[in-house]
Amino acid sequence: MLIERRWKKWVFFYIPLTIFVLGTLFPFYWMLVTAIRPDAELYRSWRAVNNAPFWTVQPTLEHFRDLMEKTTFPRWLWNTFFIAVISTGISLACGLLAGYALARLKFPMAGALGTSIFVTYLVPPTLLFIPLADIIRDLQLGNTPWALILTYPTFLIPFSTWLLMGYFKTIPKELEECARIDGATRFGAMTRIIFPIAVPGILSAGIFAFTLSWNEFIYALIFLSSPERKTVPVGVVSELIRGDIYFWGQLMAGALLGSIPVALVYSFFVEYYVTGLTGSVKG
Amino acid sequence: MKNPIAGGAGRAAPVEVALPHSRASQRRTLTGLLENERFLALVLLTPTVLILGMFIAYPFGMGVWFALSSISVGNPGHFVGLKNFVKAWNDSIFRIAFWNTSVYTFWATIFKLVLGMWLALLLNRHFRGKRIVRASMLLPFIVPTVLSTFAWRWMFDPTFSVLNWTLYKTGFIVTKLPFLSNGDWALWCAIVVNTWRGMPFFAITLLAGLQTINTDLHEAASLDGANGWKRFWYVTWPLLKPVTVVVVVFSIIQTFSDFQLIYVLTGGGPANSTHLLATYAYQIGVAAGLLGEGAAISLCMLPVLFVVVWIQLRYLRRLEGA
Amino acid sequence: MAQVMMKDLNKKYDEVHAVKDVNLHIRDKEFVVLVGPSGCGKSTTLRMVAGLEEITAGEISIGDRIVNDLPPKDRDIAMVFQNYALYPHMTVYDNMAFGLKMRKFPKTEIAKRVGEAAEILGIQELLKRKPRQLSGGQRQRVAVGRAIVRHPQVFLFDEPLSNLDAKLRVQMRVELKRLHDRLETTAIYVTHDQVEAMTLGDRVVVMKDGWIQQVGEPLELYGHPANRFVAGFIGSPSMNFVEMTVADANGALWADTPGLRVKVPPASAARLGPYKGQRVTLGIRPEDLRVATGADAADYSFDTVVEVVEPLGSEILLDLKAGPNVIVARVDPTVRAKHQDKMRLSLHPERVHFFDNKTELAI
């Protein structure tokens with residue numbers, strides 16, 4: 001159909017797309033170059049001759065080694081992972097049940113409750129961290145992973161509930177009606193028929209929740225204090241900067257390593273994300 | 001027609017024998033109760049309501065109390081009315097922070113929307129390597145903000161900035177640009193980083209919206225003589241509006257309440273000139289320990305967020321009604 | 001095998017009174033069709049029998065149990081849905097076995113029953129496939145198969161053929177009928193298609209606005225509609241209605257309107273007596289009209305002008321005008337007619353219906 005001239009395709013398509021790709025990916029390339037560059041090369045005046053900042057002539061893994069040996073980085077990775085997995089699990093469980101109830105069951109106040117769960121978006125973490133810190137202290141949860149495992153669901157549940165509710169609404173009602181006639185209870189129809197069908201939506205919500213927890217910063221910054229308890233983002237900020245001195249090599253190495261797990265999870269993500277958003281069931 | 005007519009009346013034999021109500025008692029058991037729609041809804045919603053109540057509603061109420069009291073670390077404080085808010089209002093840094101937050105949110109959202117839409121339109125076409133390009137474009141969005149912001153901070157470094165080096169070598173500048181050492185520059189740097197980070201989310205969500213648009217519409221429009229821009233403006237854009245509203249609202253909330261990007265990039269400096277409400281609330285409430293004043297500052301985000309969400313709810317409701 | 005009884009059944013949603021005082025006794029092994037326009041309450045009635053809708057008032061019993069408070073799973077029924085409602089994540093075999101698994105049947109029994117049902121429906125080759133790999137007709141068969149493996153007391157069908165194309169629908173209709181003759185299970189079937197209702201039902205229940213209009217065997221509904229709605233709903237093309245005045249002339253009753261004047265047949269005369277001087281509605285089916293010949297009594301003939309000719313091969317539909325009254329006639333394919341032709345029609349005196357203008361009841 002829509003036929004274009006070749007030069008037009010270059011001007012309106014290839015060139016802009018290339019700029020987008022370069023602009024998007026350059027910071028990551030820069031992370032990588034910095035992480036494998038020896039300090040001597042790193043801190044050389046920008047007017048120095050032979051300064052070739054876009055690559056390095058003597059790649060080294062010393063920053064990675066320092067990161068692993070001189071800091072508790074592996075611990076941070078594990079902490080982040082542990083907290084992200086558990087809080088994602090809790091949020092998905094809550095979101096599944098609540099999303100199902102809001103999408104399918106008739107009960108008084110259903111609309112109001114749905115809206116109020118949605119409206120908790122109104123209250124981002126940065127609005128709550130001061131009183132929440134007090135509550136965490138009262139519950140004796142300060143400086144434990146549970147402080148984060150219990151608070152992360154506050155922003156994960158509303159969004160998983162809404163995403164899954166939308167997904168459930170695309171599943172024909174007759175499927176569970178049929179299951180109930182076939183001999184399943186309401187609960188059984190939900191777990192045996194609806195949940196298995198909603199797997200793409202669940203995966204999409206789960207991946208999203210996982211990365212949001214991996215990403216979270218302010219609660220982790222305030223609720224955790226000892227170095228070995230920290231998550232990657234907080235550890236990098238607080239342990240790899242001494243006063244005014246930034247250990248750029250290690251920082252970038254840590255940034256790379258801390259990004260890889262989410263990037264891996266996401267490599268499956270694009271397709272599910274799209275299906276989760278537009279979700280549909282055939283059959 | 002008022003009266004039902006039961007034709008063949010003899011056939012619909014009246015039921016007169018009282019039949020046993022079978023298993024009426026079974027409804028008392030748990031399985032029986034779970035068959036009741038309302039009870040099941042109650043059971044399914046309880047965990048969510050408990051967690052959200054405990055860690056959102058309760059701290060929110062507490063935050064309101066904090067904001068109205070003189071509480072600080074180690075001092076339970078007492079009710080002071082609106083004193084904290086008045087103090088914030090008279091505080092020049094607070095005013096700067098509020099202004100910064102608005103500028104930051106406004107421009108970052110506009111940039112994200114325009115660039116995200118553009119990128120979505122590009123990615124909606126067919127070309128080789130589409131999948132890998134699409135996946136890699138998401139990277140800024142998924143990599144933890146703190147970590148990627150460090151890369152930017154390093155790129156903006158006063159001494160070793162690669163951006164300055166490039167501009168210098170290509171002859172665009174003769175002296176270093178003061179990326180993060182000048183307040184105005186620093187805020188725009190933050191807007192750039194926020195746009196870089198948030199644009200993929202716009203692009204991929206709008207792309208999902210684009211893919212639901214029937215290509216017949218475009219063919220019909222081009223047969224009607226519409227050029228590329230007109231096709232976008234009269235066909236694509238109106239159909240994308242609902243998705244766009246959702247994404248924009250989501251982004252405004254995220255951007256307006258942003259903390260980590262500024263915390264890492266400038267820390268509010270130089271000279272408190274780049275604080276956002278969230279970072280300033282942190283500085284007052286956590287770093288200085290003035291819990292009451294900090295809570296009051298963060299509560300100031302609420303009216304703006306409220307208006308945004310209210311507009312969205314109204315818009316979506318009108319859409320459903322239509 | 002069981003009878004189904006509905007007693008003073010009512011369903012109210014917030015503002016809509018969807019089902020009103022429905023009383024119905026469905027006998028064991030009977031095939032009963034609920035038919036009516038959309039929104040008439042037929043599906044709601046069926047869903048109350050299934051237990052998918054709460055009963056606002058009244059009673060439903062299946063067999064000898066009142067089922068008002070029983071969840072669907074305990075009612076021993078099976079249902080076929082309009083969109084088939086096949087579980088997309090299960091194979092055809094698992095779809096059919098699901099109900100038996102839920103009831104904890106032994107594996108061998110499940111395999112035996114699924115095999116039997118698959119054979120009856122000719123879907124043995126499909127058992128390992130997923131629903132999305134099936135055509136519409138195949139999905140329909142699987143949905144029916146899933147219902148019959150359970151050997152339930154009652155089958156419920158909710159517009160099961162509506163999603164099929166016209167040819168397949170006719171074919172499946174015949175198969176469903178054959179299946180019912182073979183299984184002899186009580187069945188309740190909901191449709192908006194009166195042809196389906198007439199061909200499938202032992203008895204047909206016509207509903208409108210939540211009320212039952214008439215219950216009867218297909219030919220009874222066709223021959224003796226209880227009111228104007230049923231008369232118009234059953235039969236295709238639908239019955240012609242003309243408002244006329246009952247008048248007395250030459251010692252007989254005549255129905256009279258500008259452009260059309262016919263004698264009231266003797267069979268109806270006595271009942272129409274009280275309506276002398278009043279307006280009534282005359283109803284005559286297109287197939288009860290024919291081109292008048294010399295042999296036809298002049299009292300039952302009238303002049304018309306041809307407006308539209310629709311040849312269907314086996315017959316011709318004529319849109320005619322008798323004065324200002326529009327009339328459709330179904331005539332022999334040998335009749336030659338064209339636009340603006342004059343034509344004299346004769347009606348079948350025993351098949352004329354009269355309806356009260358106010359109550360719309362048959363007179």
# chains A, B, ... in the order shown; residues from 1 in each chain; ligands from 1
>>> interface_residues(of="chain C", to="chain A", cutoff="9 Å", atoms="only C-alpha atoms", output="MDAnalysis selection string")
chainID C and resid 50:52 71:89 98:103 130:134 139 146:147 150
>>> residues_around(residues="stretch 64-79 of chain B", least_positions_apart="4", cutoff="8 Å", atoms="only C-alpha atoms", output="ChimeraX atom specification")
/A:131 /B:60,83-85,289-296,299
>>> select_by_dssp(residues="stretch 132-214 of chain A", states="helix (DSSP H, G or I)", output="number ranges by chain")
A: 132-138, 145-151, 153-169, 173-182, 186-197, 199-214
>>> closest_atom_pairs(of="chain A", to="chain B", cutoff="7 Å", atoms="only C-alpha atoms", output="Markdown table")
| residue | atom | partner | partner_atom | distance |
| --- | --- | --- | --- | --- |
| A:Phe13 | CA | B:Leu122 | CA | 6.6 |
| A:Leu17 | CA | B:Leu122 | CA | 6.8 |
| A:Val21 | CA | B:Met137 | CA | 6.9 |
| A:Thr24 | CA | B:Met137 | CA | 6.5 |
| A:Pro27 | CA | B:Ala151 | CA | 6.1 |
| A:Met31 | CA | B:Ala151 | CA | 5.9 |
| A:Tyr43 | CA | B:Phe160 | CA | 7.0 |
| A:Ser45 | CA | B:Phe160 | CA | 6.7 |
| A:Trp46 | CA | B:Phe160 | CA | 5.9 |
| A:Pro53 | CA | B:Val162 | CA | 6.9 |
| A:Cys94 | CA | B:Thr48 | CA | 5.4 |
| A:Leu97 | CA | B:Leu44 | CA | 5.0 |
| A:Ala98 | CA | B:Leu45 | CA | 4.9 |
| A:Ala101 | CA | B:Ala41 | CA | 5.3 |
| A:Leu105 | CA | B:Glu37 | CA | 6.1 |
| A:Lys106 | CA | B:Glu37 | CA | 6.6 |
| A:Phe107 | CA | B:Arg38 | CA | 5.3 |
| A:Leu122 | CA | B:Leu305 | CA | 5.9 |
| A:Pro124 | CA | B:Ser257 | CA | 6.7 |
| A:Thr126 | CA | B:Ala278 | CA | 5.8 |
| A:Leu127 | CA | B:Ser298 | CA | 5.0 |
| A:Leu128 | CA | B:Phe60 | CA | 6.3 |
| A:Ile130 | CA | B:Ala295 | CA | 6.2 |
| A:Pro131 | CA | B:Gly63 | CA | 5.3 |
| A:Leu132 | CA | B:Pro59 | CA | 5.6 |
| A:Thr151 | CA | B:Phe55 | CA | 6.4 |
| A:Thr154 | CA | B:Leu52 | CA | 5.7 |
| A:Thr185 | CA | B:Glu35 | CA | 6.6 |
| A:Arg186 | CA | B:Glu35 | CA | 5.8 |
| A:Thr211 | CA | B:Ile142 | CA | 6.6 |
| A:Trp214 | CA | B:Pro144 | CA | 6.9 |
| A:Asn215 | CA | B:Pro144 | CA | 4.5 |
| A:Phe217 | CA | B:Gln260 | CA | 6.6 |
| A:Pro233 | CA | B:Val146 | CA | 5.9 |
| A:Met252 | CA | B:Ala151 | CA | 6.8 |
| A:Ala255 | CA | B:Leu147 | CA | 4.8 |
| A:Ser259 | CA | B:Val143 | CA | 5.2 |
| A:Val262 | CA | B:Ile142 | CA | 6.7 |
| A:Ala263 | CA | B:Ile142 | CA | 6.8 |
| A:Ser267 | CA | B:Ala135 | CA | 6.9 |
| A:Val270 | CA | B:Ala135 | CA | 6.4 |
| A:Val274 | CA | B:Ala208 | CA | 5.8 |
>>> closest_residue(among="C:Thr281, C:Thr359, C:Ser236, C:Ser314", to="chain B", atoms="only C-alpha atoms")
C:Thr359
>>> closest_atom_pairs(of="chain C", to="chain B", cutoff="8 Å", atoms="only C-alpha atoms", output="CSV")
residue,atom,partner,partner_atom,distance
C:Met5,CA,B:Val15,CA,7.4
C:Lys7,CA,B:Val15,CA,6.7
C:Asn23,CA,B:Ala12,CA,6.6
C:Leu24,CA,B:Ala12,CA,5.1
C:His25,CA,B:Ala12,CA,5.1
C:Asp64,CA,B:Leu19,CA,6.6
C:Arg65,CA,B:Ser22,CA,6.2
C:Ile66,CA,B:His21,CA,5.3
C:Val67,CA,B:Ser22,CA,7.1
C:Asp69,CA,B:Ala24,CA,6.5
C:Leu70,CA,B:Arg23,CA,7.4
C:Pro71,CA,B:Glu35,CA,6.9
C:Trp211,CA,B:Pro4,CA,5.5
C:Ile212,CA,B:Pro4,CA,5.9
C:Gln213,CA,B:Ile5,CA,5.0
C:Gln214,CA,B:Gly7,CA,4.5
C:Val215,CA,B:Gly7,CA,5.3
C:Gly216,CA,B:Gly8,CA,5.9
C:Ala226,CA,B:Gly7,CA,6.5
C:Thr359,CA,B:Met1,CA,7.1
>>> residues_around(residues="B:Arg95", least_positions_apart="6", cutoff="12 Å", atoms="only C-alpha atoms", output="list in words")
Phe85, Val86, Lys87, Ala88, Trp89, Thr101, Ser102, Asn272, Ser273, Thr274, His275, Leu276, Leu277, Tyr280, Ile297 and Cys300 of chain B
>>> select_by_dssp(residues="stretch 9-244 of chain B", states="strand (DSSP E or B)", output="VMD selection string")
chain B and resid 21 69 72 75 79
>>> write_last_selection(atoms="all heavy atoms", output="short mmCIF file (atom, residue, chain, number, x, y, z; two decimals), in the first residue's frame")
data_model
loop_
_atom_site.label_atom_id
_atom_site.label_comp_id
_atom_site.auth_asym_id
_atom_site.auth_seq_id
_atom_site.Cartn_x
_atom_site.Cartn_y
_atom_site.Cartn_z
N HIS B 21 -36.28 -28.99 50.74
CA HIS B 21 -35.18 -28.08 50.41
C HIS B 21 -33.88 -28.80 50.66
O HIS B 21 -33.40 -28.86 51.78
CB HIS B 21 -35.24 -26.83 51.30
CG HIS B 21 -35.90 -25.69 50.62
ND1 HIS B 21 -35.22 -24.70 49.97
CD2 HIS B 21 -37.21 -25.37 50.51
CE1 HIS B 21 -36.07 -23.83 49.47
NE2 HIS B 21 -37.29 -24.21 49.78
N SER B 69 1.77 18.58 63.40
CA SER B 69 2.36 18.60 64.74
C SER B 69 3.83 18.98 64.65
O SER B 69 4.40 19.08 63.56
CB SER B 69 2.22 17.22 65.39
OG SER B 69 3.19 16.35 64.85
N SER B 72 9.53 15.67 65.98
CA SER B 72 10.83 15.49 65.35
C SER B 72 11.47 14.27 66.00
O SER B 72 10.90 13.69 66.92
CB SER B 72 11.71 16.73 65.55
OG SER B 72 11.92 16.96 66.92
N ASN B 75 11.32 13.52 69.74
CA ASN B 75 10.43 14.47 70.38
C ASN B 75 9.03 14.22 69.87
O ASN B 75 8.75 14.45 68.70
CB ASN B 75 10.88 15.90 70.04
CG ASN B 75 9.81 16.93 70.39
OD1 ASN B 75 8.92 16.67 71.20
ND2 ASN B 75 9.88 18.07 69.73
N PHE B 79 0.25 19.26 68.75
CA PHE B 79 -0.51 19.83 67.63
C PHE B 79 -0.14 21.29 67.42
O PHE B 79 -0.12 22.08 68.37
CB PHE B 79 -2.00 19.69 67.94
CG PHE B 79 -2.86 20.20 66.83
CD1 PHE B 79 -3.04 19.46 65.66
CD2 PHE B 79 -3.51 21.42 66.94
CE1 PHE B 79 -3.84 19.93 64.65
CE2 PHE B 79 -4.33 21.89 65.91
CZ PHE B 79 -4.49 21.14 64.77
#
>>> atom_distance(atom1="atom CA of A:Thr231", atom2="atom CA of A:Ile86")
14.0 Å
>>> residues_around(residues="stretch 67-81 of chain A", least_positions_apart="2", cutoff="6 Å", atoms="only C-alpha atoms", output="PyMOL selection string")
chain A and resi 64-65+83-84+230-232+250
>>> residues_around(residues="C:Glu175", least_positions_apart="6", cutoff="10 Å", atoms="only C-alpha atoms", output="JSON, numbers by chain")
{"C": [121, 141, 169, 181]}
>>> closest_residue(among="C:Val144, C:Leu253, C:Val22, C:Met198", to="C:Leu156", atoms="only C-alpha atoms")
C:Val144
>>> closest_residue(among="C:Gln138, C:Gln153, C:Thr334, C:Gln278", to="C:Leu183", atoms="only C-alpha atoms")
C:Gln153
>>> closest_residue(among="C:Cys40, C:Val308, C:Met207, C:Val32", to="C:Lys177", atoms="only C-alpha atoms")
C:Val32
>>> closest_atom_pairs(of="stretch 82-115 of chain B", to="stretch 185-193 of chain B", cutoff="8 Å", atoms="only C-alpha atoms", output="Markdown table")
| residue | atom | partner | partner_atom | distance |
| --- | --- | --- | --- | --- |
| B:Asn100 | CA | B:Leu187 | CA | 7.5 |
| B:Tyr104 | CA | B:Ile191 | CA | 5.9 |
| B:Trp107 | CA | B:Ile191 | CA | 7.1 |
| B:Ala108 | CA | B:Ile191 | CA | 5.4 |
>>> atom_distance(atom1="atom CA of A:Ala112", atom2="atom CA of A:Phe168")
18.8 Å
